[in-house]
Structures are given as C-alpha cells and as structure tokens.
Amino acid sequence: MDWDGDPELKAMRDSFLVSLEPRRDQLEAWLTSLAMSPTPDAVAGVQYVAHKLAGTAESYGFATITRIGLALDDLIDRAGPGVDGGLICRGGALLSVALEWVIARREDPKHLVKDAVMAELEGKLSLLLTER
Amino acid sequence: MIPILIAEDDEHIAKLISFKLKREGFEVEVARNGGEAIEFLDRKPWRVVILDVMMPVHDGWHVLKTMRERPGLEQTPVLMLTAKGRQKDVATAVELGAQQYLTKPFDPQELSDRVKKLAGLA
C-alpha cells in the first residue's frame, strides 16, 4: 500500500495514528491498575486493547504492534485465571513503548521484536501451547 | 457497479476495506454493527457481504444466520472476518454457511482478491 503517495491512504493512516494515543493512554491506565491490584477486570482491560490492536495494526503497516498485541492477547487467553500478572505488565509495557514509537516516528518499531520481553512473551506462549 | 455490504464496527478496518473495494470499482456500504447490518440486508441485491464476527448489537454469526433464513439471501456469498488464532471461529463460519473467511489482520489486496472471486469476477 502506498501510504505516503496516495492522499486518501495517507489520511486514513493519519487517522489511525491519531487513534493510537487514546489507546496507549487506556493501556497505561489498565497497566497501572494491574500493577496495584491484579484483578480480572484489569487483565481483561489490557487484553481488550491488545486484541483490538492485534487485529488492525498490521493492516496499516505496523506489523510489530500486531505481533506484540497478538502474543499478549493469546497469552492471556491461554493462561486463563492463573495468568502471570507480572508478565502481562511487562508485555503491556512493551506494547506501550511500541505504540509510543509509532506515534512519534510513524514507522514500525521492528527492532523491538528482539527485546527480551518479546522473547519472554513468545517463549511463554510457546510453552503454554506445548503444555496443551 | 457491484454492491458490497461491509459489517464492521472498527472504523479503521471499515475505512480500509471500503477504500480498497471502491478503488477496485465496487459500490460499498458500511454497517457499523450487527443491528445495522440486518437493517441493510434488504437495501440492495448485495453481491457479497463481509461480516466481522465481534460487533455490537448482534454479532456476525447472528447476521449470517439471519441471512441464511431470509428468502433471497440464502446463497449470497459471505466473507467472515475472524480474529487470528480462533480456530473455532473458522469452524463456525463454515458450519453456518460462510463461503470464505479471512483472519485479522489481513492484507487489503488479499481481501479484495477474495471478494472479486466471491463476486464471480476472478
């Protein structure tokens, strides 16, 4: 997709980028809540943001946001009630950092996929999948 | 122009699909939830209907079931948009009579190619 060359596409992408700021704020609020008190509502809040971003971001050229969102969404789904709140906080923080990058630079933060937290998220997910 | 109905509550996904299909020459209408989708079913002779699964008011499954029970819409081609990794959604789509499914996030070109195929243009 020619995001910068096509005016209509550029406007759509700009609109998507603007929508990331309140989503980042929403994520941060849920992460703060989760850190203070790991309730099911807080976990669900983080999962909702991750899920929505996972389903949209790559279609707009931000594959890394989808990758992190998907790992977090899947992890929460498969772990169930015994989900590791600390890992969710770390994964959520990584997603928040990735969103900041995209908002500031309007480019996909590919370098983040090598981040230790990303490796931990996907490693933990892989372990969960193996156990089932 | 060939009319396509899109039922999708995420405005960014709806805009992207609408943009792509209009550029390919289709006439597009967007329903923002399952209730609107059902209202829009009788508006035009839709060649293809694209349904998101998770929507407010009624989900995509409800809209699909409604279509299959409505005279004239039993055979209308349906493309379901499912969340990645949700295999049961894929099974449900097939069971309820959707012709195709596509997991999110999707490549807009792939979606366009599938719609053309369902519309009998490819």
# chains A, B, ... in the order shown; residues from 1 in each chain; ligands from 1
>>> closest_atom_pairs(of="range 23-68 of chain B", to="range 90-95 of chain B", cutoff="10 Å", atoms="only C-alpha atoms", output="Markdown table")
| residue | atom | partner | partner_atom | distance |
| --- | --- | --- | --- | --- |
| B:Val53 | CA | B:Ala93 | CA | 9.2 |
| B:Gly60 | CA | B:Ala93 | CA | 9.4 |
| B:Trp61 | CA | B:Ala93 | CA | 7.7 |
| B:Leu64 | CA | B:Ala93 | CA | 8.8 |
>>> select_by_dssp(residues="chain B", states="strand (DSSP E or B)", output="list in words")
Pro3, Ile4, Leu5, Ile6, Ala7, Glu27, Val28, Glu29, Val30, Ala31, Val48, Val49, Ile50, Leu51, Asp52, Val78, Leu79, Met80, Leu81, Thr82, Ala83, Gln100, Tyr101, Leu102, Thr103 and Lys104 of chain B
>>> closest_residue(among="A:Leu9, A:Ala35, A:Val46, A:Ala57", to="Phe106 in chain B", atoms="only C-alpha atoms")
A:Ala57
>>> interface_residues(of="chain A", to="chain B", cutoff="7 Å", atoms="only C-alpha atoms", output="ChimeraX atom specification")
/A:16,54-56,58-59
>>> write_last_selection(atoms="all heavy atoms", output="JSON list (two decimals), in the first residue's frame")
[["chain", "number", "residue", "atom", "x", "y", "z"],
["A", 16, "PHE", "N", -5.62, 6.69, 11.76],
["A", 16, "PHE", "CA", -5.29, 5.52, 12.57],
["A", 16, "PHE", "C", -4.24, 5.88, 13.61],
["A", 16, "PHE", "O", -4.34, 5.52, 14.78],
["A", 16, "PHE", "CB", -4.80, 4.37, 11.69],
["A", 16, "PHE", "CG", -4.33, 3.17, 12.48],
["A", 16, "PHE", "CD1", -5.23, 2.36, 13.15],
["A", 16, "PHE", "CD2", -2.98, 2.87, 12.55],
["A", 16, "PHE", "CE1", -4.80, 1.27, 13.89],
["A", 16, "PHE", "CE2", -2.54, 1.78, 13.29],
["A", 16, "PHE", "CZ", -3.45, 0.98, 13.97],
["A", 54, "ALA", "N", -4.01, -5.87, 17.78],
["A", 54, "ALA", "CA", -3.51, -7.03, 17.03],
["A", 54, "ALA", "C", -4.28, -7.20, 15.72],
["A", 54, "ALA", "O", -3.71, -7.57, 14.70],
["A", 54, "ALA", "CB", -3.64, -8.30, 17.88],
["A", 55, "GLY", "N", -5.57, -6.92, 15.76],
["A", 55, "GLY", "CA", -6.41, -7.14, 14.59],
["A", 55, "GLY", "C", -6.35, -6.04, 13.55],
["A", 55, "GLY", "O", -6.86, -6.21, 12.45],
["A", 56, "THR", "N", -5.74, -4.93, 13.88],
["A", 56, "THR", "CA", -5.79, -3.76, 12.99],
["A", 56, "THR", "C", -4.42, -3.29, 12.52],
["A", 56, "THR", "O", -4.24, -2.96, 11.36],
["A", 56, "THR", "CB", -6.47, -2.57, 13.70],
["A", 56, "THR", "OG1", -7.60, -3.00, 14.41],
["A", 56, "THR", "CG2", -6.85, -1.48, 12.72],
["A", 58, "GLU", "N", -1.36, -4.30, 11.75],
["A", 58, "GLU", "CA", -0.58, -4.79, 10.61],
["A", 58, "GLU", "C", -1.21, -4.39, 9.29],
["A", 58, "GLU", "O", -0.51, -4.15, 8.31],
["A", 58, "GLU", "CB", -0.43, -6.31, 10.68],
["A", 58, "GLU", "CG", 0.51, -6.85, 9.60],
["A", 58, "GLU", "CD", 0.87, -8.31, 9.79],
["A", 58, "GLU", "OE1", 0.65, -8.84, 10.90],
["A", 58, "GLU", "OE2", 1.37, -8.91, 8.83],
["A", 59, "SER", "N", -2.54, -4.31, 9.27],
["A", 59, "SER", "CA", -3.22, -3.89, 8.03],
["A", 59, "SER", "C", -2.85, -2.45, 7.65],
["A", 59, "SER", "O", -2.99, -2.07, 6.50],
["A", 59, "SER", "CB", -4.74, -4.01, 8.17],
["A", 59, "SER", "OG", -5.12, -5.35, 8.34]]
>>> closest_residue(among="B:Leu111, B:Ala37, B:Val28, B:Ile50", to="Thr76 in chain B", atoms="only C-alpha atoms")
B:Ile50
>>> select_by_dssp(residues="chain A", states="alpha helix (DSSP H)", output="mmCIF file with N, CA and C atoms, in the first residue's frame")
data_model
loop_
_atom_site.group_PDB
_atom_site.id
_atom_site.type_symbol
_atom_site.label_atom_id
_atom_site.label_comp_id
_atom_site.auth_asym_id
_atom_site.auth_seq_id
_atom_site.Cartn_x
_atom_site.Cartn_y
_atom_site.Cartn_z
ATOM 1 N N PRO A 7 -2.989 10.258 -1.342
ATOM 2 C CA PRO A 7 -3.543 11.183 -0.342
ATOM 3 C C PRO A 7 -4.650 10.566 0.519
ATOM 4 N N GLU A 8 -5.470 9.740 -0.119
ATOM 5 C CA GLU A 8 -6.578 9.150 0.644
ATOM 6 C C GLU A 8 -6.047 8.134 1.661
ATOM 7 N N LEU A 9 -5.078 7.340 1.224
ATOM 8 C CA LEU A 9 -4.462 6.359 2.125
ATOM 9 C C LEU A 9 -3.718 7.066 3.250
ATOM 10 N N LYS A 10 -3.026 8.132 2.906
ATOM 11 C CA LYS A 10 -2.278 8.890 3.917
ATOM 12 C C LYS A 10 -3.230 9.425 4.987
ATOM 13 N N ALA A 11 -4.360 9.953 4.555
ATOM 14 C CA ALA A 11 -5.339 10.494 5.507
ATOM 15 C C ALA A 11 -5.874 9.394 6.422
ATOM 16 N N MET A 12 -6.096 8.211 5.848
ATOM 17 C CA MET A 12 -6.603 7.092 6.651
ATOM 18 C C MET A 12 -5.567 6.663 7.668
ATOM 19 N N ARG A 13 -4.313 6.594 7.223
ATOM 20 C CA ARG A 13 -3.254 6.189 8.135
ATOM 21 C C ARG A 13 -3.060 7.232 9.231
ATOM 22 N N ASP A 14 -3.136 8.509 8.860
ATOM 23 C CA ASP A 14 -3.033 9.589 9.852
ATOM 24 C C ASP A 14 -4.118 9.437 10.915
ATOM 25 N N SER A 15 -5.318 9.125 10.461
ATOM 26 C CA SER A 15 -6.438 8.951 11.386
ATOM 27 C C SER A 15 -6.180 7.768 12.322
ATOM 28 N N PHE A 16 -5.622 6.690 11.761
ATOM 29 C CA PHE A 16 -5.295 5.519 12.575
ATOM 30 C C PHE A 16 -4.236 5.884 13.608
ATOM 31 N N LEU A 17 -3.216 6.639 13.183
ATOM 32 C CA LEU A 17 -2.147 7.031 14.095
ATOM 33 C C LEU A 17 -2.690 7.898 15.237
ATOM 34 N N VAL A 18 -3.606 8.789 14.923
ATOM 35 C CA VAL A 18 -4.217 9.627 15.959
ATOM 36 C C VAL A 18 -4.970 8.763 16.969
ATOM 37 N N SER A 19 -5.583 7.679 16.484
ATOM 38 C CA SER A 19 -6.356 6.814 17.374
ATOM 39 C C SER A 19 -5.460 6.049 18.350
ATOM 40 N N LEU A 20 -4.153 6.005 18.063
ATOM 41 C CA LEU A 20 -3.258 5.227 18.927
ATOM 42 C C LEU A 20 -3.010 5.919 20.272
ATOM 43 N N GLU A 21 -3.109 7.242 20.287
ATOM 44 C CA GLU A 21 -2.797 7.947 21.538
ATOM 45 C C GLU A 21 -3.785 7.611 22.655
ATOM 46 N N PRO A 22 -5.093 7.724 22.411
ATOM 47 C CA PRO A 22 -6.011 7.333 23.488
ATOM 48 C C PRO A 22 -5.926 5.841 23.825
ATOM 49 N N ARG A 23 -5.582 5.010 22.843
ATOM 50 C CA ARG A 23 -5.453 3.574 23.133
ATOM 51 C C ARG A 23 -4.238 3.325 24.023
ATOM 52 N N ARG A 24 -3.142 4.068 23.751
ATOM 53 C CA ARG A 24 -1.964 3.958 24.603
ATOM 54 C C ARG A 24 -2.316 4.411 26.021
ATOM 55 N N ASP A 25 -3.068 5.518 26.135
ATOM 56 C CA ASP A 25 -3.464 6.033 27.452
ATOM 57 C C ASP A 25 -4.336 5.020 28.192
ATOM 58 N N GLN A 26 -5.225 4.396 27.450
ATOM 59 C CA GLN A 26 -6.114 3.381 28.026
ATOM 60 C C GLN A 26 -5.287 2.195 28.534
ATOM 61 N N LEU A 27 -4.309 1.773 27.728
ATOM 62 C CA LEU A 27 -3.442 0.658 28.104
ATOM 63 C C LEU A 27 -2.674 1.000 29.374
ATOM 64 N N GLU A 28 -2.106 2.209 29.401
ATOM 65 C CA GLU A 28 -1.334 2.652 30.571
ATOM 66 C C GLU A 28 -2.196 2.640 31.832
ATOM 67 N N ALA A 29 -3.431 3.079 31.692
ATOM 68 C CA ALA A 29 -4.335 3.113 32.847
ATOM 69 C C ALA A 29 -4.587 1.690 33.366
ATOM 70 N N TRP A 30 -4.803 0.754 32.440
ATOM 71 C CA TRP A 30 -5.027 -0.639 32.843
ATOM 72 C C TRP A 30 -3.761 -1.255 33.457
ATOM 73 N N LEU A 31 -2.602 -0.894 32.919
ATOM 74 C CA LEU A 31 -1.351 -1.440 33.454
ATOM 75 C C LEU A 31 -1.097 -0.916 34.870
ATOM 76 N N THR A 32 -1.420 0.340 35.082
ATOM 77 C CA THR A 32 -1.269 0.924 36.423
ATOM 78 C C THR A 32 -2.196 0.205 37.400
ATOM 79 N N SER A 33 -3.417 -0.023 36.956
ATOM 80 C CA SER A 33 -4.392 -0.732 37.777
ATOM 81 C C SER A 33 -3.918 -2.153 38.068
ATOM 82 N N LEU A 34 -3.364 -2.789 37.049
ATOM 83 C CA LEU A 34 -2.881 -4.176 37.177
ATOM 84 C C LEU A 34 -1.719 -4.254 38.159
ATOM 85 N N ALA A 35 -0.836 -3.260 38.084
ATOM 86 C CA ALA A 35 0.347 -3.258 38.967
ATOM 87 C C ALA A 35 -0.079 -3.070 40.429
ATOM 88 N N MET A 36 -1.127 -2.273 40.631
ATOM 89 C CA MET A 36 -1.592 -2.009 42.012
ATOM 90 C C MET A 36 -2.407 -3.187 42.535
ATOM 91 N N PRO A 40 -9.200 -9.477 37.633
ATOM 92 C CA PRO A 40 -9.607 -9.952 36.302
ATOM 93 C C PRO A 40 -10.001 -8.794 35.377
ATOM 94 N N ASP A 41 -10.601 -7.742 35.935
ATOM 95 C CA ASP A 41 -11.003 -6.592 35.110
ATOM 96 C C ASP A 41 -9.792 -5.919 34.496
ATOM 97 N N ALA A 42 -8.735 -5.783 35.277
ATOM 98 C CA ALA A 42 -7.526 -5.119 34.790
ATOM 99 C C ALA A 42 -6.882 -5.958 33.684
ATOM 100 N N VAL A 43 -6.838 -7.274 33.898
ATOM 101 C CA VAL A 43 -6.280 -8.171 32.876
ATOM 102 C C VAL A 43 -7.129 -8.084 31.607
ATOM 103 N N ALA A 44 -8.447 -8.088 31.781
ATOM 104 C CA ALA A 44 -9.358 -8.006 30.625
ATOM 105 C C ALA A 44 -9.175 -6.688 29.885
ATOM 106 N N GLY A 45 -8.922 -5.618 30.644
ATOM 107 C CA GLY A 45 -8.711 -4.311 30.037
ATOM 108 C C GLY A 45 -7.475 -4.302 29.149
ATOM 109 N N VAL A 46 -6.381 -4.867 29.679
ATOM 110 C CA VAL A 46 -5.138 -4.961 28.886
ATOM 111 C C VAL A 46 -5.387 -5.830 27.652
ATOM 112 N N GLN A 47 -6.087 -6.943 27.859
ATOM 113 C CA GLN A 47 -6.329 -7.862 26.739
ATOM 114 C C GLN A 47 -7.163 -7.203 25.638
ATOM 115 N N TYR A 48 -8.150 -6.429 26.035
ATOM 116 C CA TYR A 48 -9.010 -5.766 25.042
ATOM 117 C C TYR A 48 -8.184 -4.850 24.135
ATOM 118 N N VAL A 49 -7.343 -4.029 24.758
ATOM 119 C CA VAL A 49 -6.509 -3.116 23.959
ATOM 120 C C VAL A 49 -5.579 -3.916 23.045
ATOM 121 N N ALA A 50 -4.946 -4.939 23.622
ATOM 122 C CA ALA A 50 -4.016 -5.764 22.833
ATOM 123 C C ALA A 50 -4.735 -6.439 21.668
ATOM 124 N N HIS A 51 -5.925 -6.957 21.946
ATOM 125 C CA HIS A 51 -6.691 -7.675 20.916
ATOM 126 C C HIS A 51 -7.072 -6.762 19.752
ATOM 127 N N LYS A 52 -7.581 -5.577 20.084
ATOM 128 C CA LYS A 52 -8.020 -4.648 19.030
ATOM 129 C C LYS A 52 -6.821 -4.201 18.178
ATOM 130 N N LEU A 53 -5.709 -3.934 18.839
ATOM 131 C CA LEU A 53 -4.517 -3.510 18.087
ATOM 132 C C LEU A 53 -3.983 -4.656 17.227
ATOM 133 N N ALA A 54 -4.010 -5.870 17.777
ATOM 134 C CA ALA A 54 -3.514 -7.031 17.033
ATOM 135 C C ALA A 54 -4.280 -7.202 15.724
ATOM 136 N N GLY A 55 -5.573 -6.923 15.763
ATOM 137 C CA GLY A 55 -6.407 -7.141 14.587
ATOM 138 C C GLY A 55 -6.352 -6.044 13.549
ATOM 139 N N THR A 56 -5.740 -4.928 13.884
ATOM 140 C CA THR A 56 -5.791 -3.764 12.985
ATOM 141 C C THR A 56 -4.418 -3.290 12.517
ATOM 142 N N ALA A 63 3.330 -4.040 11.605
ATOM 143 C CA ALA A 63 3.313 -5.476 11.914
ATOM 144 C C ALA A 63 3.779 -5.774 13.333
ATOM 145 N N THR A 64 4.723 -4.982 13.842
ATOM 146 C CA THR A 64 5.264 -5.254 15.174
ATOM 147 C C THR A 64 4.207 -5.022 16.254
ATOM 148 N N ILE A 65 3.372 -4.024 16.077
ATOM 149 C CA ILE A 65 2.285 -3.778 17.037
ATOM 150 C C ILE A 65 1.356 -4.990 17.056
ATOM 151 N N THR A 66 1.049 -5.497 15.868
ATOM 152 C CA THR A 66 0.205 -6.699 15.788
ATOM 153 C C THR A 66 0.873 -7.868 16.484
ATOM 154 N N ARG A 67 2.168 -8.025 16.242
ATOM 155 C CA ARG A 67 2.880 -9.174 16.815
ATOM 156 C C ARG A 67 2.857 -9.131 18.344
ATOM 157 N N ILE A 68 3.140 -7.976 18.908
ATOM 158 C CA ILE A 68 3.140 -7.861 20.375
ATOM 159 C C ILE A 68 1.712 -8.016 20.913
ATOM 160 N N GLY A 69 0.771 -7.350 20.264
ATOM 161 C CA GLY A 69 -0.625 -7.426 20.691
ATOM 162 C C GLY A 69 -1.152 -8.841 20.663
ATOM 163 N N LEU A 70 -0.802 -9.552 19.590
ATOM 164 C CA LEU A 70 -1.254 -10.937 19.435
ATOM 165 C C LEU A 70 -0.658 -11.847 20.503
ATOM 166 N N ALA A 71 0.648 -11.678 20.763
ATOM 167 C CA ALA A 71 1.309 -12.509 21.781
ATOM 168 C C ALA A 71 0.660 -12.291 23.143
ATOM 169 N N LEU A 72 0.391 -11.032 23.452
ATOM 170 C CA LEU A 72 -0.213 -10.687 24.742
ATOM 171 C C LEU A 72 -1.653 -11.216 24.823
ATOM 172 N N ASP A 73 -2.408 -11.017 23.779
ATOM 173 C CA ASP A 73 -3.810 -11.468 23.725
ATOM 174 C C ASP A 73 -3.885 -12.993 23.869
ATOM 175 N N ASP A 74 -3.067 -13.686 23.091
ATOM 176 C CA ASP A 74 -3.059 -15.148 23.126
ATOM 177 C C ASP A 74 -2.613 -15.672 24.483
ATOM 178 N N LEU A 75 -1.601 -15.027 25.040
ATOM 179 C CA LEU A 75 -1.066 -15.456 26.339
ATOM 180 C C LEU A 75 -2.148 -15.368 27.411
ATOM 181 N N ILE A 76 -2.858 -14.259 27.435
ATOM 182 C CA ILE A 76 -3.905 -14.067 28.441
ATOM 183 C C ILE A 76 -5.033 -15.084 28.229
ATOM 184 N N ASP A 77 -5.377 -15.301 26.975
ATOM 185 C CA ASP A 77 -6.429 -16.277 26.645
ATOM 186 C C ASP A 77 -6.078 -17.675 27.116
ATOM 187 N N ARG A 78 -4.872 -18.104 26.780
ATOM 188 C CA ARG A 78 -4.487 -19.495 27.040
ATOM 189 C C ARG A 78 -4.104 -19.744 28.494
ATOM 190 N N ALA A 79 -3.590 -18.694 29.184
ATOM 191 C CA ALA A 79 -3.182 -18.884 30.575
ATOM 192 C C ALA A 79 -4.392 -18.994 31.483
ATOM 193 N N GLY A 85 0.535 -12.086 36.247
ATOM 194 C CA GLY A 85 0.300 -10.640 36.182
ATOM 195 C C GLY A 85 1.555 -9.858 35.868
ATOM 196 N N GLY A 86 2.689 -10.327 36.404
ATOM 197 C CA GLY A 86 3.959 -9.641 36.147
ATOM 198 C C GLY A 86 4.333 -9.684 34.674
ATOM 199 N N LEU A 87 4.120 -10.847 34.052
ATOM 200 C CA LEU A 87 4.439 -10.996 32.627
ATOM 201 C C LEU A 87 3.503 -10.131 31.789
ATOM 202 N N ILE A 88 2.237 -10.066 32.176
ATOM 203 C CA ILE A 88 1.284 -9.218 31.458
ATOM 204 C C ILE A 88 1.720 -7.754 31.551
ATOM 205 N N CYS A 89 2.169 -7.353 32.743
ATOM 206 C CA CYS A 89 2.639 -5.959 32.912
ATOM 207 C C CYS A 89 3.841 -5.687 32.019
ATOM 208 N N ARG A 90 4.753 -6.630 31.963
ATOM 209 C CA ARG A 90 5.950 -6.422 31.139
ATOM 210 C C ARG A 90 5.579 -6.407 29.655
ATOM 211 N N GLY A 91 4.711 -7.330 29.266
ATOM 212 C CA GLY A 91 4.254 -7.363 27.866
ATOM 213 C C GLY A 91 3.472 -6.107 27.510
ATOM 214 N N GLY A 92 2.637 -5.657 28.445
ATOM 215 C CA GLY A 92 1.854 -4.448 28.228
ATOM 216 C C GLY A 92 2.747 -3.224 28.117
ATOM 217 N N ALA A 93 3.808 -3.202 28.925
ATOM 218 C CA ALA A 93 4.760 -2.087 28.875
ATOM 219 C C ALA A 93 5.480 -2.065 27.529
ATOM 220 N N LEU A 94 5.806 -3.245 27.021
ATOM 221 C CA LEU A 94 6.452 -3.336 25.702
ATOM 222 C C LEU A 94 5.502 -2.816 24.624
ATOM 223 N N LEU A 95 4.240 -3.187 24.728
ATOM 224 C CA LEU A 95 3.256 -2.713 23.755
ATOM 225 C C LEU A 95 3.132 -1.192 23.827
ATOM 226 N N SER A 96 3.158 -0.668 25.047
ATOM 227 C CA SER A 96 3.063 0.783 25.235
ATOM 228 C C SER A 96 4.265 1.503 24.610
ATOM 229 N N VAL A 97 5.455 0.931 24.814
ATOM 230 C CA VAL A 97 6.674 1.506 24.217
ATOM 231 C C VAL A 97 6.582 1.473 22.689
ATOM 232 N N ALA A 98 6.097 0.361 22.170
ATOM 233 C CA ALA A 98 5.947 0.231 20.719
ATOM 234 C C ALA A 98 4.966 1.274 20.177
ATOM 235 N N LEU A 99 3.870 1.490 20.911
ATOM 236 C CA LEU A 99 2.896 2.491 20.487
ATOM 237 C C LEU A 99 3.520 3.891 20.500
ATOM 238 N N GLU A 100 4.300 4.173 21.541
ATOM 239 C CA GLU A 100 4.978 5.482 21.628
ATOM 240 C C GLU A 100 5.857 5.707 20.403
ATOM 241 N N TRP A 101 6.584 4.659 20.035
ATOM 242 C CA TRP A 101 7.483 4.723 18.875
ATOM 243 C C TRP A 101 6.700 5.053 17.613
ATOM 244 N N VAL A 102 5.621 4.331 17.418
ATOM 245 C CA VAL A 102 4.810 4.526 16.210
ATOM 246 C C VAL A 102 4.199 5.933 16.207
ATOM 247 N N ILE A 103 3.699 6.379 17.348
ATOM 248 C CA ILE A 103 3.081 7.705 17.428
ATOM 249 C C ILE A 103 4.103 8.792 17.104
ATOM 250 N N ALA A 104 5.326 8.622 17.633
ATOM 251 C CA ALA A 104 6.357 9.656 17.459
ATOM 252 C C ALA A 104 6.983 9.618 16.063
ATOM 253 N N ARG A 105 7.232 8.401 15.560
ATOM 254 C CA ARG A 105 8.024 8.292 14.318
ATOM 255 C C ARG A 105 7.226 7.829 13.108
ATOM 256 N N ALA A 116 14.014 -8.510 24.993
ATOM 257 C CA ALA A 116 13.934 -9.674 25.877
ATOM 258 C C ALA A 116 12.503 -9.968 26.310
ATOM 259 N N VAL A 117 11.713 -8.924 26.495
ATOM 260 C CA VAL A 117 10.332 -9.127 26.925
ATOM 261 C C VAL A 117 9.530 -9.821 25.837
ATOM 262 N N MET A 118 9.781 -9.431 24.586
ATOM 263 C CA MET A 118 9.087 -10.060 23.459
ATOM 264 C C MET A 118 9.436 -11.540 23.426
ATOM 265 N N ALA A 119 10.723 -11.829 23.616
ATOM 266 C CA ALA A 119 11.179 -13.221 23.621
ATOM 267 C C ALA A 119 10.504 -13.980 24.772
ATOM 268 N N GLU A 120 10.384 -13.310 25.902
ATOM 269 C CA GLU A 120 9.765 -13.946 27.053
ATOM 270 C C GLU A 120 8.285 -14.222 26.794
ATOM 271 N N LEU A 121 7.598 -13.234 26.206
ATOM 272 C CA LEU A 121 6.176 -13.379 25.889
ATOM 273 C C LEU A 121 5.952 -14.555 24.948
ATOM 274 N N GLU A 122 6.729 -14.571 23.880
ATOM 275 C CA GLU A 122 6.515 -15.613 22.869
ATOM 276 C C GLU A 122 7.011 -16.957 23.374
ATOM 277 N N GLY A 123 8.060 -16.938 24.190
ATOM 278 C CA GLY A 123 8.561 -18.182 24.780
ATOM 279 C C GLY A 123 7.537 -18.768 25.727
ATOM 280 N N LYS A 124 6.927 -17.899 26.537
ATOM 281 C CA LYS A 124 5.930 -18.360 27.498
ATOM 282 C C LYS A 124 4.708 -18.890 26.751
ATOM 283 N N LEU A 125 4.321 -18.217 25.686
ATOM 284 C CA LEU A 125 3.177 -18.650 24.890
ATOM 285 C C LEU A 125 3.460 -20.013 24.281
ATOM 286 N N SER A 126 4.666 -20.165 23.750
ATOM 287 C CA SER A 126 5.058 -21.434 23.135
ATOM 288 C C SER A 126 4.970 -22.559 24.175
ATOM 289 N N LEU A 127 5.393 -22.242 25.395
ATOM 290 C CA LEU A 127 5.360 -23.234 26.478
ATOM 291 C C LEU A 127 3.915 -23.616 26.787
ATOM 292 N N LEU A 128 3.063 -22.638 26.846
ATOM 293 C CA LEU A 128 1.647 -22.891 27.119
ATOM 294 C C LEU A 128 1.046 -23.760 26.022
ATOM 295 N N LEU A 129 1.394 -23.478 24.774
ATOM 296 C CA LEU A 129 0.853 -24.248 23.659
ATOM 297 C C LEU A 129 1.349 -25.679 23.733
ATOM 298 N N THR A 130 2.591 -25.866 24.132
ATOM 299 C CA THR A 130 3.171 -27.208 24.236
ATOM 300 C C THR A 130 2.488 -27.993 25.342
ATOM 301 N N GLU A 131 2.178 -27.295 26.449
ATOM 302 C CA GLU A 131 1.571 -27.981 27.593
ATOM 303 C C GLU A 131 0.187 -28.487 27.283
#
>>> closest_residue(among="B:Leu118, B:Val78, B:Ile2, B:Ile38", to="His58 in chain B", atoms="only C-alpha atoms")
B:Ile38
>>> atom_distance(atom1="CA of Leu73 in chain B", atom2="CA of Lys117 in chain B")
18.1 Å
>>> atom_distance(atom1="CA of Val115 in chain B", atom2="CA of Lys44 in chain B")
17.0 Å
>>> residues_around(residues="Val63 in chain B", least_positions_apart="3", cutoff="12 Å", atoms="only C-alpha atoms", output="PyMOL selection string")
chain B and resi 6-8+31+33-41+49-60+66-70+73-74+78+80+93+96-98
>>> closest_residue(among="A:Asp6, A:Thr39, A:Met1, A:Gly61", to="Pro109 in chain A", atoms="only C-alpha atoms")
A:Gly61
>>> decode(residues="range 72-104 of chain B", atoms="C-alpha atoms", output="compact mmCIF listing (two decimals), in the first residue's frame")
# COMPACT_ATOMS: atom_id res chain seq x y z
CA GLY B 72 -33.31 -14.49 -1.47
CA LEU B 73 -30.25 -14.29 0.77
CA GLU B 74 -29.67 -18.00 1.35
CA GLN B 75 -26.97 -18.15 -1.32
CA THR B 76 -25.50 -14.65 -1.02
CA PRO B 77 -21.73 -15.10 -0.71
CA VAL B 78 -20.40 -14.18 2.73
CA LEU B 79 -16.81 -13.50 3.78
CA MET B 80 -16.31 -13.63 7.57
CA LEU B 81 -13.58 -11.62 9.26
CA THR B 82 -12.27 -13.67 12.17
CA ALA B 83 -9.67 -12.98 14.83
CA LYS B 84 -6.33 -14.67 14.30
CA GLY B 85 -5.87 -17.97 16.08
CA ARG B 86 -9.52 -18.52 16.82
CA GLN B 87 -9.96 -21.85 15.10
CA LYS B 88 -13.45 -22.35 16.44
CA ASP B 89 -14.48 -19.19 14.59
CA VAL B 90 -13.31 -20.76 11.35
CA ALA B 91 -15.31 -23.93 12.07
CA THR B 92 -18.40 -21.89 12.94
CA ALA B 93 -18.08 -19.84 9.76
CA VAL B 94 -18.09 -22.99 7.66
CA GLU B 95 -20.91 -24.59 9.65
CA LEU B 96 -23.17 -21.54 9.30
CA GLY B 97 -22.62 -21.27 5.57
CA ALA B 98 -19.99 -18.61 5.01
CA GLN B 99 -18.16 -19.17 1.76
CA GLN B 100 -14.88 -17.66 2.89
CA TYR B 101 -13.15 -16.38 6.00
CA LEU B 102 -10.18 -14.10 6.49
CA THR B 103 -8.28 -13.63 9.72
CA LYS B 104 -7.38 -10.20 11.03
